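Trainee: model.csv (CSV, C-alpha atoms) pasted underneath:
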chain,number,residue,atom,x,y,z
A,1,MET,CA,-74.1,-36.0,126.3
A,2,THR,CA,-71.1,-37.5,124.5
A,3,GLU,CA,-71.7,-38.5,120.9
A,4,SER,CA,-71.3,-42.2,120.3
A,5,PRO,CA,-68.8,-43.5,117.7
A,6,TYR,CA,-71.8,-44.8,115.7
A,7,ALA,CA,-73.4,-41.3,115.7
A,8,ARG,CA,-70.2,-39.7,114.6
A,9,ARG,CA,-69.7,-42.0,111.7
A,10,ARG,CA,-73.3,-41.6,110.6
A,11,ARG,CA,-72.9,-37.8,110.8
A,12,ARG,CA,-69.8,-37.9,108.7
A,13,SER,CA,-71.5,-40.1,106.2
A,14,SER,CA,-74.4,-37.8,106.0
A,15,ALA,CA,-72.1,-34.8,105.3
A,16,ARG,CA,-70.3,-36.7,102.5
A,17,HIS,CA,-73.5,-37.7,100.8
A,18,ARG,CA,-75.6,-34.6,101.3
A,19,GLY,CA,-76.4,-32.9,98.0
A,20,PRO,CA,-78.4,-29.8,97.0
A,21,GLU,CA,-82.1,-30.0,97.7
A,22,GLY,CA,-84.1,-28.0,95.2
A,23,PRO,CA,-87.9,-27.9,94.9
A,24,ALA,CA,-88.0,-30.9,92.6
A,25,ALA,CA,-86.1,-33.0,95.1
A,26,SER,CA,-88.4,-31.9,97.9
A,27,ALA,CA,-91.5,-32.7,95.9
A,28,SER,CA,-90.2,-36.1,95.0
A,29,ALA,CA,-89.4,-36.8,98.7
A,30,ALA,CA,-92.9,-35.8,99.7
A,31,GLN,CA,-94.5,-38.1,97.1
A,32,ASP,CA,-92.4,-41.2,97.9
A,33,PRO,CA,-93.2,-43.1,101.1
A,34,GLU,CA,-90.4,-43.3,103.6
A,35,PRO,CA,-88.9,-46.8,103.6
A,36,ASP,CA,-89.1,-48.8,106.9
A,37,PRO,CA,-85.6,-48.3,108.4
A,38,ARG,CA,-85.7,-51.7,109.9
A,39,GLU,CA,-86.3,-53.3,106.6
A,40,VAL,CA,-83.6,-51.2,105.1
A,41,ALA,CA,-81.2,-52.3,107.8
A,42,ARG,CA,-82.1,-55.9,107.5
A,43,ALA,CA,-81.5,-55.8,103.7
A,44,ILE,CA,-78.1,-54.2,104.2
A,45,VAL,CA,-77.0,-56.7,106.8
A,46,LEU,CA,-78.1,-59.7,104.7
A,47,ARG,CA,-76.3,-58.4,101.6
A,48,GLN,CA,-73.1,-57.9,103.6
A,49,LEU,CA,-73.3,-61.4,105.2
A,50,THR,CA,-74.0,-62.9,101.8
A,51,ALA,CA,-70.8,-61.4,100.4
A,52,SER,CA,-68.6,-62.6,103.3
A,53,ALA,CA,-68.5,-63.1,107.1
A,54,LYS,CA,-68.6,-59.8,109.0
A,55,SER,CA,-68.1,-58.8,112.6
A,56,ARG,CA,-70.7,-56.8,114.4
A,57,LYS,CA,-68.6,-53.7,114.2
A,58,GLN,CA,-68.2,-54.0,110.5
A,59,LEU,CA,-71.9,-54.2,110.1
A,60,GLU,CA,-72.5,-51.3,112.4
A,61,ASP,CA,-70.1,-49.2,110.3
A,62,LYS,CA,-71.9,-50.2,107.1
A,63,LEU,CA,-75.3,-49.3,108.6
A,64,ALA,CA,-74.0,-45.9,109.9
A,65,ASP,CA,-72.6,-45.2,106.4
A,66,ARG,CA,-76.1,-45.8,105.1
A,67,ASN,CA,-77.6,-43.4,107.7
A,68,VAL,CA,-79.6,-46.1,109.6
A,69,PRO,CA,-80.6,-44.7,113.0
A,70,GLU,CA,-78.4,-46.1,115.8
A,71,ASP,CA,-81.3,-47.6,117.8
A,72,VAL,CA,-82.6,-49.3,114.7
A,73,ALA,CA,-79.1,-50.7,113.8
A,74,ARG,CA,-78.8,-52.0,117.4
A,75,GLU,CA,-82.2,-53.7,117.3
A,76,VAL,CA,-81.6,-55.3,114.0
A,77,LEU,CA,-78.1,-56.5,114.8
A,78,ASP,CA,-79.3,-57.9,118.2
A,79,ARG,CA,-81.8,-59.9,116.4
A,80,PHE,CA,-79.2,-61.3,113.9
A,81,GLU,CA,-77.1,-62.2,116.9
A,82,GLU,CA,-80.0,-64.0,118.5
A,83,VAL,CA,-80.3,-66.3,115.5
A,84,SER,CA,-76.5,-66.7,115.3
A,85,LEU,CA,-76.2,-65.0,111.9
A,86,VAL,CA,-73.9,-62.5,113.5
A,87,ASP,CA,-71.4,-64.1,115.8
A,88,ASP,CA,-68.1,-62.4,116.6
A,89,ALA,CA,-66.6,-65.5,118.3
A,90,GLN,CA,-67.2,-67.6,115.2
A,91,TYR,CA,-66.1,-64.8,112.9
A,92,ALA,CA,-62.8,-64.5,114.9
A,93,GLU,CA,-62.1,-68.2,114.6
A,94,LEU,CA,-62.7,-68.2,110.9
A,95,TYR,CA,-60.6,-65.0,110.5
A,96,VAL,CA,-57.6,-66.4,112.3
A,97,ARG,CA,-57.6,-69.6,110.2
A,98,SER,CA,-58.0,-67.6,107.0
A,99,ARG,CA,-55.2,-65.1,107.7
A,100,ALA,CA,-52.8,-67.6,109.1
A,101,GLY,CA,-53.5,-70.0,106.2
A,102,SER,CA,-53.4,-67.6,103.3
A,103,ARG,CA,-51.0,-64.9,104.5
A,104,LYS,CA,-49.0,-66.8,107.1
A,105,LEU,CA,-49.5,-63.9,109.6
A,106,ALA,CA,-48.3,-64.2,113.1
A,107,ARG,CA,-50.7,-63.9,116.0
A,108,SER,CA,-49.7,-60.3,116.8
A,109,ALA,CA,-50.6,-59.2,113.3
A,110,ILE,CA,-53.9,-61.0,113.3
A,111,ARG,CA,-54.7,-59.6,116.7
A,112,ARG,CA,-54.3,-56.1,115.4
A,113,GLU,CA,-56.4,-56.8,112.4
A,114,LEU,CA,-59.2,-58.3,114.5
A,115,ALA,CA,-59.1,-55.2,116.8
A,116,THR,CA,-59.7,-52.9,113.7
A,117,ARG,CA,-62.8,-55.1,113.0
A,118,GLY,CA,-64.1,-54.7,116.5
A,119,VAL,CA,-63.0,-58.0,117.9
A,120,SER,CA,-60.6,-57.9,120.9
A,121,GLY,CA,-60.2,-59.1,124.4
A,122,GLU,CA,-61.3,-62.6,125.3
A,123,LEU,CA,-63.0,-63.3,122.0
A,124,ALA,CA,-59.8,-62.5,120.0
A,125,GLU,CA,-57.6,-64.4,122.4
A,126,ALA,CA,-59.8,-67.5,122.3
A,127,ALA,CA,-59.7,-67.5,118.5
A,128,LEU,CA,-55.9,-67.0,118.5
A,129,GLU,CA,-55.4,-70.1,120.7
A,130,GLN,CA,-55.8,-72.1,117.5
A,131,ARG,CA,-52.3,-71.0,116.7
A,132,THR,CA,-49.3,-72.4,118.6
A,133,ASP,CA,-45.7,-71.3,118.8
A,134,GLU,CA,-44.8,-74.3,116.7
A,135,ASP,CA,-47.3,-73.3,114.1
A,136,GLU,CA,-45.8,-69.8,113.9
A,137,ARG,CA,-42.3,-71.1,113.7
A,138,ALA,CA,-43.2,-73.5,110.9
A,139,ASP,CA,-45.0,-70.8,108.9
A,140,ALA,CA,-42.1,-68.4,109.4
A,141,ALA,CA,-39.7,-71.0,108.1
A,142,GLU,CA,-41.9,-71.6,105.1
A,143,LEU,CA,-42.0,-67.9,104.3
A,144,VAL,CA,-38.2,-67.7,104.4
A,145,ARG,CA,-37.8,-70.7,102.1
A,146,ARG,CA,-40.2,-69.2,99.6
A,147,LYS,CA,-38.3,-65.9,99.6
A,148,LEU,CA,-34.7,-67.3,99.5
A,149,PRO,CA,-33.5,-66.8,95.9
A,150,ALA,CA,-32.3,-70.0,94.3
A,151,GLY,CA,-29.1,-68.3,93.1
A,152,LEU,CA,-28.2,-66.5,96.3
A,153,ASP,CA,-24.5,-66.7,97.0
A,154,LEU,CA,-24.3,-67.3,100.7
A,155,THR,CA,-20.5,-67.3,100.6
A,156,ASP,CA,-20.6,-63.6,99.8
A,157,ARG,CA,-20.9,-61.8,103.2
A,158,THR,CA,-22.5,-58.7,101.7
A,159,GLU,CA,-25.0,-60.6,99.8
A,160,ARG,CA,-25.8,-62.8,102.7
A,161,ASP,CA,-26.2,-59.9,105.2
A,162,ARG,CA,-28.5,-58.2,102.7
A,163,ALA,CA,-30.6,-61.3,102.4
A,164,VAL,CA,-30.8,-61.6,106.2
A,165,ARG,CA,-32.1,-58.0,106.6
A,166,ARG,CA,-34.6,-58.5,103.8
A,167,LEU,CA,-36.0,-61.8,105.2
A,168,VAL,CA,-36.1,-60.6,108.8
A,169,GLY,CA,-37.9,-57.4,107.7
A,170,MET,CA,-40.4,-59.5,105.7
A,171,LEU,CA,-41.2,-61.6,108.8
A,172,GLY,CA,-41.4,-58.5,110.9
A,173,ARG,CA,-44.1,-57.0,108.6
A,174,LYS,CA,-46.1,-60.2,109.1
A,175,GLY,CA,-46.0,-59.8,112.9
A,176,TYR,CA,-43.2,-62.2,113.9
A,177,ALA,CA,-41.0,-61.1,116.8
A,178,PRO,CA,-37.4,-60.1,116.0
A,179,GLY,CA,-35.9,-62.9,118.0
A,180,LEU,CA,-38.0,-65.6,116.3
A,181,ALA,CA,-37.4,-64.0,112.9
A,182,PHE,CA,-33.6,-64.0,113.2
A,183,ALA,CA,-33.5,-67.5,114.6
A,184,VAL,CA,-35.6,-68.9,111.7
A,185,VAL,CA,-33.6,-67.0,109.1
A,186,LYS,CA,-30.4,-68.4,110.6
A,187,GLU,CA,-31.8,-72.0,110.6
A,188,GLU,CA,-32.8,-71.7,107.0
A,189,LEU,CA,-29.5,-70.3,105.9
A,190,GLU,CA,-27.8,-73.2,107.8
A,191,ALA,CA,-30.0,-75.7,106.0
A,192,ARG,CA,-29.2,-74.1,102.7
A,193,THR,CA,-25.4,-74.0,103.2
A,194,GLY,CA,-24.9,-76.8,105.6
A,195,ALA,CA,-22.9,-74.4,107.8
A,196,GLY,CA,-23.0,-74.2,111.5
A,197,ALA,CA,-24.3,-71.2,113.5
A,198,ASP,CA,-20.8,-69.8,113.8
A,199,ASP,CA,-20.1,-70.1,110.1
A,200,ASP,CA,-23.2,-68.5,108.6
A,201,GLY,CA,-22.3,-65.0,109.7
A,202,VAL,CA,-25.7,-64.1,111.1
A,203,ASP,CA,-24.6,-63.8,114.7
A,204,GLU,CA,-21.5,-61.8,113.7
A,205,ALA,CA,-23.6,-59.4,111.5
A,206,TYR,CA,-26.3,-59.0,114.2
A,207,PRO,CA,-24.5,-59.4,117.6
A,208,ASP,CA,-27.5,-58.0,119.6
A,209,THR,CA,-30.0,-60.5,118.2
A,210,PRO,CA,-31.8,-62.2,121.1
Turn the structure described in the file into C-alpha coordinates.
Mentor:
Amino acid sequence: MTESPYARRRRRSSARHRGPEGPAASASAAQDPEPDPREVARAIVLRQLTASAKSRKQLEDKLADRNVPEDVAREVLDRFEEVSLVDDAQYAELYVRSRAGSRKLARSAIRRELATRGVSGELAEAALEQRTDEDERADAAELVRRKLPAGLDLTDRTERDRAVRRLVGMLGRKGYAPGLAFAVVKEELEARTGAGADDDGVDEAYPDTP
(Lines of atoms letter the chains of each structure in order from A and count residues from 1; the text may use other names and numbers.)
(Lines give C-alpha, C1' and ligand atoms only; values in the text may rest on other atoms or scores of the structure.)
Protein backbone atom coordinates (compact mmCIF):
# COMPACT_ATOMS: atom_id res chain seq x y z
CA MET A 1 0.00 0.00 0.00
CA THR A 2 1.36 3.41 -0.97
CA GLU A 3 2.15 5.68 1.95
CA SER A 4 0.13 8.89 1.93
CA PRO A 5 1.85 12.31 1.91
CA TYR A 6 0.41 12.90 5.39
CA ALA A 7 1.93 9.67 6.71
CA ARG A 8 5.32 10.48 5.15
CA ARG A 9 5.37 13.93 6.73
CA ARG A 10 4.33 12.49 10.10
CA ARG A 11 7.05 9.84 9.88
CA ARG A 12 9.71 12.45 9.09
CA SER A 13 8.50 14.61 11.97
CA SER A 14 8.69 11.65 14.34
CA ALA A 15 12.25 10.94 13.24
CA ARG A 16 13.27 14.55 13.84
CA HIS A 17 11.79 14.73 17.32
CA ARG A 18 12.56 11.22 18.55
CA GLY A 19 14.96 11.29 21.50
CA PRO A 20 16.57 8.71 23.76
CA GLU A 21 14.10 6.83 25.93
CA GLY A 22 15.66 5.73 29.19
CA PRO A 23 13.94 4.05 32.15
CA ALA A 24 12.91 7.38 33.68
CA ALA A 25 11.20 8.47 30.49
CA SER A 26 9.39 5.16 30.19
CA ALA A 27 8.22 5.32 33.81
CA SER A 28 6.96 8.87 33.35
CA ALA A 29 5.07 7.88 30.22
CA ALA A 30 3.46 4.99 32.07
CA GLN A 31 2.26 7.26 34.87
CA ASP A 32 0.87 10.07 32.70
CA PRO A 33 -2.46 9.40 30.96
CA GLU A 34 -2.33 9.57 27.19
CA PRO A 35 -4.02 12.79 25.96
CA ASP A 36 -7.05 12.41 23.71
CA PRO A 37 -5.64 12.84 20.16
CA ARG A 38 -8.84 14.53 19.01
CA GLU A 39 -8.60 17.14 21.74
CA VAL A 40 -4.94 17.66 20.91
CA ALA A 41 -5.78 18.07 17.22
CA ARG A 42 -8.62 20.50 17.93
CA ALA A 43 -6.37 22.61 20.15
CA ILE A 44 -3.66 22.75 17.50
CA VAL A 45 -6.10 23.77 14.76
CA LEU A 46 -7.69 26.46 16.92
CA ARG A 47 -4.31 27.95 17.78
CA GLN A 48 -3.32 27.99 14.13
CA LEU A 49 -6.56 29.65 13.02
CA THR A 50 -6.34 32.20 15.81
CA ALA A 51 -2.92 33.28 14.55
CA SER A 52 -4.03 33.64 10.90
CA ALA A 53 -6.23 32.09 8.24
CA LYS A 54 -4.95 28.72 7.03
CA SER A 55 -5.75 26.34 4.22
CA ARG A 56 -6.68 22.75 5.00
CA LYS A 57 -3.31 21.53 3.72
CA GLN A 58 -1.43 23.91 5.99
CA LEU A 59 -3.39 22.57 8.96
CA GLU A 60 -2.83 18.99 7.84
CA ASP A 61 0.90 19.66 7.70
CA LYS A 62 0.88 21.14 11.19
CA LEU A 63 -1.03 18.16 12.60
CA ALA A 64 1.35 15.74 10.88
CA ASP A 65 4.30 17.61 12.37
CA ARG A 66 2.71 17.13 15.79
CA ASN A 67 2.28 13.38 15.14
CA VAL A 68 -1.51 13.44 15.14
CA PRO A 69 -2.80 10.19 13.53
CA GLU A 70 -4.03 10.73 9.98
CA ASP A 71 -7.55 9.46 10.62
CA VAL A 72 -7.90 11.76 13.62
CA ALA A 73 -6.61 14.75 11.64
CA ARG A 74 -9.08 14.03 8.85
CA GLU A 75 -12.00 13.71 11.28
CA VAL A 76 -11.16 16.94 13.10
CA LEU A 77 -10.59 18.96 9.93
CA ASP A 78 -13.80 17.61 8.39
CA ARG A 79 -15.66 18.91 11.42
CA PHE A 80 -13.98 22.32 11.18
CA GLU A 81 -15.01 22.45 7.53
CA GLU A 82 -18.60 21.58 8.41
CA VAL A 83 -18.84 24.64 10.66
CA SER A 84 -16.98 26.79 8.07
CA LEU A 85 -13.94 27.46 10.25
CA VAL A 86 -11.81 25.84 7.58
CA ASP A 87 -12.81 26.99 4.11
CA ASP A 88 -10.28 26.83 1.28
CA ALA A 89 -12.44 28.90 -1.07
CA GLN A 90 -12.68 31.75 1.41
CA TYR A 91 -9.01 31.38 2.31
CA ALA A 92 -8.03 31.67 -1.35
CA GLU A 93 -10.10 34.82 -1.87
CA LEU A 94 -8.52 36.48 1.15
CA TYR A 95 -5.06 35.35 0.10
CA VAL A 96 -5.39 36.77 -3.40
CA ARG A 97 -6.54 40.15 -2.07
CA SER A 98 -3.76 40.23 0.49
CA ARG A 99 -0.89 39.31 -1.82
CA ALA A 100 -2.07 41.55 -4.64
CA GLY A 101 -2.60 44.44 -2.25
CA SER A 102 0.55 44.20 -0.16
CA ARG A 103 3.06 42.78 -2.64
CA LYS A 104 1.50 43.69 -6.00
CA LEU A 105 2.01 40.11 -7.19
CA ALA A 106 0.68 39.01 -10.56
CA ARG A 107 -1.85 36.21 -10.80
CA SER A 108 0.73 33.67 -11.94
CA ALA A 109 2.82 34.25 -8.82
CA ILE A 110 -0.20 34.09 -6.52
CA ARG A 111 -1.35 30.91 -8.27
CA ARG A 112 2.00 29.26 -7.49
CA GLU A 113 1.84 30.35 -3.86
CA LEU A 114 -1.69 29.03 -3.48
CA ALA A 115 -0.62 25.68 -4.93
CA THR A 116 2.11 25.33 -2.29
CA ARG A 117 -0.62 25.86 0.30
CA GLY A 118 -2.78 23.13 -1.16
CA VAL A 119 -5.24 25.33 -3.05
CA SER A 120 -5.31 24.79 -6.80
CA GLY A 121 -7.68 24.04 -9.66
CA GLU A 122 -11.14 25.57 -9.63
CA LEU A 123 -10.82 27.05 -6.13
CA ALA A 124 -7.66 28.94 -7.03
CA GLU A 125 -8.98 30.10 -10.39
CA ALA A 126 -12.23 31.34 -8.86
CA ALA A 127 -10.30 33.39 -6.31
CA LEU A 128 -7.98 34.77 -8.99
CA GLU A 129 -10.95 36.05 -10.98
CA GLN A 130 -10.97 39.00 -8.57
CA ARG A 131 -7.95 40.30 -10.47
CA THR A 132 -8.31 41.64 -14.00
CA ASP A 133 -5.73 42.39 -16.69
CA GLU A 134 -6.29 46.07 -15.99
CA ASP A 135 -5.60 45.55 -12.29
CA GLU A 136 -2.31 43.84 -13.07
CA ARG A 137 -1.21 46.49 -15.53
CA ALA A 138 -1.98 49.25 -13.03
CA ASP A 139 -0.06 47.45 -10.29
CA ALA A 140 2.91 46.83 -12.58
CA ALA A 141 2.98 50.53 -13.49
CA GLU A 142 2.86 51.50 -9.82
CA LEU A 143 5.78 49.18 -9.04
CA VAL A 144 7.84 50.69 -11.86
CA ARG A 145 7.11 54.25 -10.70
CA ARG A 146 8.17 53.32 -7.17
CA LYS A 147 11.45 51.84 -8.37
CA LEU A 148 12.42 54.52 -10.90
CA PRO A 149 15.19 56.58 -9.25
CA ALA A 150 14.40 60.28 -9.18
CA GLY A 151 17.84 61.17 -10.51
CA LEU A 152 17.94 58.61 -13.31
CA ASP A 153 19.46 60.12 -16.47
CA LEU A 154 17.32 58.67 -19.24
CA THR A 155 19.34 60.47 -21.90
CA ASP A 156 22.26 58.17 -21.07
CA ARG A 157 21.68 55.03 -23.15
CA THR A 158 23.72 52.77 -20.89
CA GLU A 159 22.02 53.99 -17.74
CA ARG A 160 18.59 53.74 -19.37
CA ASP A 161 19.18 50.17 -20.61
CA ARG A 162 20.40 49.11 -17.17
CA ALA A 163 17.26 50.59 -15.60
CA VAL A 164 15.06 48.75 -18.12
CA ARG A 165 16.69 45.41 -17.34
CA ARG A 166 16.39 45.97 -13.62
CA LEU A 167 12.72 47.03 -13.79
CA VAL A 168 11.70 44.22 -16.14
CA GLY A 169 13.51 41.73 -13.91
CA MET A 170 11.71 43.10 -10.86
CA LEU A 171 8.34 42.66 -12.54
CA GLY A 172 9.29 39.17 -13.69
CA ARG A 173 10.07 38.11 -10.13
CA LYS A 174 6.58 39.22 -9.17
CA GLY A 175 5.02 37.04 -11.84
CA TYR A 176 4.40 39.53 -14.65
CA ALA A 177 4.77 38.22 -18.19
CA PRO A 178 7.77 39.57 -20.15
CA GLY A 179 5.62 41.26 -22.79
CA LEU A 180 3.59 43.14 -20.20
CA ALA A 181 6.68 44.00 -18.19
CA PHE A 182 8.49 45.56 -21.16
CA ALA A 183 5.38 47.43 -22.29
CA VAL A 184 4.78 48.93 -18.86
CA VAL A 185 8.42 49.92 -18.40
CA LYS A 186 8.40 51.58 -21.82
CA GLU A 187 5.24 53.52 -20.99
CA GLU A 188 6.62 54.73 -17.68
CA LEU A 189 9.90 55.81 -19.25
CA GLU A 190 7.95 57.70 -21.91
CA ALA A 191 5.91 59.38 -19.20
CA ARG A 192 9.11 60.36 -17.39
CA THR A 193 10.87 61.75 -20.46
CA GLY A 194 7.97 62.78 -22.66
CA ALA A 195 9.64 60.82 -25.47
CA GLY A 196 7.87 58.68 -28.03
CA ALA A 197 8.29 54.94 -28.29
CA ASP A 198 10.95 55.31 -31.00
CA ASP A 199 12.94 57.77 -28.89
CA ASP A 200 13.16 55.98 -25.56
CA GLY A 201 15.50 53.27 -26.77
CA VAL A 202 13.62 50.34 -25.27
CA ASP A 203 12.62 48.84 -28.61
CA GLU A 204 16.12 49.23 -30.00
CA ALA A 205 17.73 47.73 -26.91
CA TYR A 206 15.28 44.80 -26.87
CA PRO A 207 14.24 44.13 -30.49
CA ASP A 208 12.65 40.76 -29.69
CA THR A 209 10.33 42.12 -27.03
CA PRO A 210 6.75 41.02 -27.78
Trainee: Got a sec: who's within 12 Å of Gly175 of chain A, counting all atoms listed in the file, leaving out chain neighbours fewer than 2 positions off, as a PDB file with C-alpha atoms, keeping the file's coordinate frame?
Mentor:
ATOM      1  CA  ARG A  99     -55.200 -65.100 107.700  1.00  0.00           C
ATOM      2  CA  ALA A 100     -52.800 -67.600 109.100  1.00  0.00           C
ATOM      3  CA  ARG A 103     -51.000 -64.900 104.500  1.00  0.00           C
ATOM      4  CA  LYS A 104     -49.000 -66.800 107.100  1.00  0.00           C
ATOM      5  CA  LEU A 105     -49.500 -63.900 109.600  1.00  0.00           C
ATOM      6  CA  ALA A 106     -48.300 -64.200 113.100  1.00  0.00           C
ATOM      7  CA  ARG A 107     -50.700 -63.900 116.000  1.00  0.00           C
ATOM      8  CA  SER A 108     -49.700 -60.300 116.800  1.00  0.00           C
ATOM      9  CA  ALA A 109     -50.600 -59.200 113.300  1.00  0.00           C
ATOM     10  CA  ILE A 110     -53.900 -61.000 113.300  1.00  0.00           C
ATOM     11  CA  ARG A 111     -54.700 -59.600 116.700  1.00  0.00           C
ATOM     12  CA  ARG A 112     -54.300 -56.100 115.400  1.00  0.00           C
ATOM     13  CA  GLU A 113     -56.400 -56.800 112.400  1.00  0.00           C
ATOM     14  CA  GLU A 136     -45.800 -69.800 113.900  1.00  0.00           C
ATOM     15  CA  ARG A 137     -42.300 -71.100 113.700  1.00  0.00           C
ATOM     16  CA  ASP A 139     -45.000 -70.800 108.900  1.00  0.00           C
ATOM     17  CA  ALA A 140     -42.100 -68.400 109.400  1.00  0.00           C
ATOM     18  CA  VAL A 168     -36.100 -60.600 108.800  1.00  0.00           C
ATOM     19  CA  GLY A 169     -37.900 -57.400 107.700  1.00  0.00           C
ATOM     20  CA  MET A 170     -40.400 -59.500 105.700  1.00  0.00           C
ATOM     21  CA  LEU A 171     -41.200 -61.600 108.800  1.00  0.00           C
ATOM     22  CA  GLY A 172     -41.400 -58.500 110.900  1.00  0.00           C
ATOM     23  CA  ARG A 173     -44.100 -57.000 108.600  1.00  0.00           C
ATOM     24  CA  ALA A 177     -41.000 -61.100 116.800  1.00  0.00           C
ATOM     25  CA  PRO A 178     -37.400 -60.100 116.000  1.00  0.00           C
ATOM     26  CA  GLY A 179     -35.900 -62.900 118.000  1.00  0.00           C
ATOM     27  CA  LEU A 180     -38.000 -65.600 116.300  1.00  0.00           C
ATOM     28  CA  ALA A 181     -37.400 -64.000 112.900  1.00  0.00           C
TER      29      ALA A 181
END
Trainee: Would you kindly return, as a list in words, each protein, DNA or RNA residue with an atom no farther than 12 Å from any atom of Glu39 of chain A, considering only C-alpha atoms and excluding same-chain residues fewer than 6 positions away?
Mentor: Val45, Leu46, Leu63, Val68, Val72, Ala73, Glu75 and Val76 of chain A
Trainee: Between atom CA of Ala141 of chain A and atom CA of Leu154 of chain A, what is the spacing in Å?
Mentor: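 These two atoms are separated by 17.5 Å.
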Trainee: May I ask for the distance between atom CA of Glu122 of chain A and atom CA of Ser98 of chain A, given in Å to one decimal place?
Mentor: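 Separating atom CA of Glu122 of chain A from atom CA of Ser98 of chain A is a distance of 19.3 Å.
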Trainee: In Å, rounded to a single decimal, give me how far atom CA of Ser102 of chain A is from atom CA of Leu143 of chain A.
Mentor: 11.4 Å
Trainee: Which residue gives the smallest distance to Arg8 of chain A among A:Ser84, A:Asn67, A:Ser55, A:Thr193, with all atoms listed in the file counted?
Mentor: A:Asn67
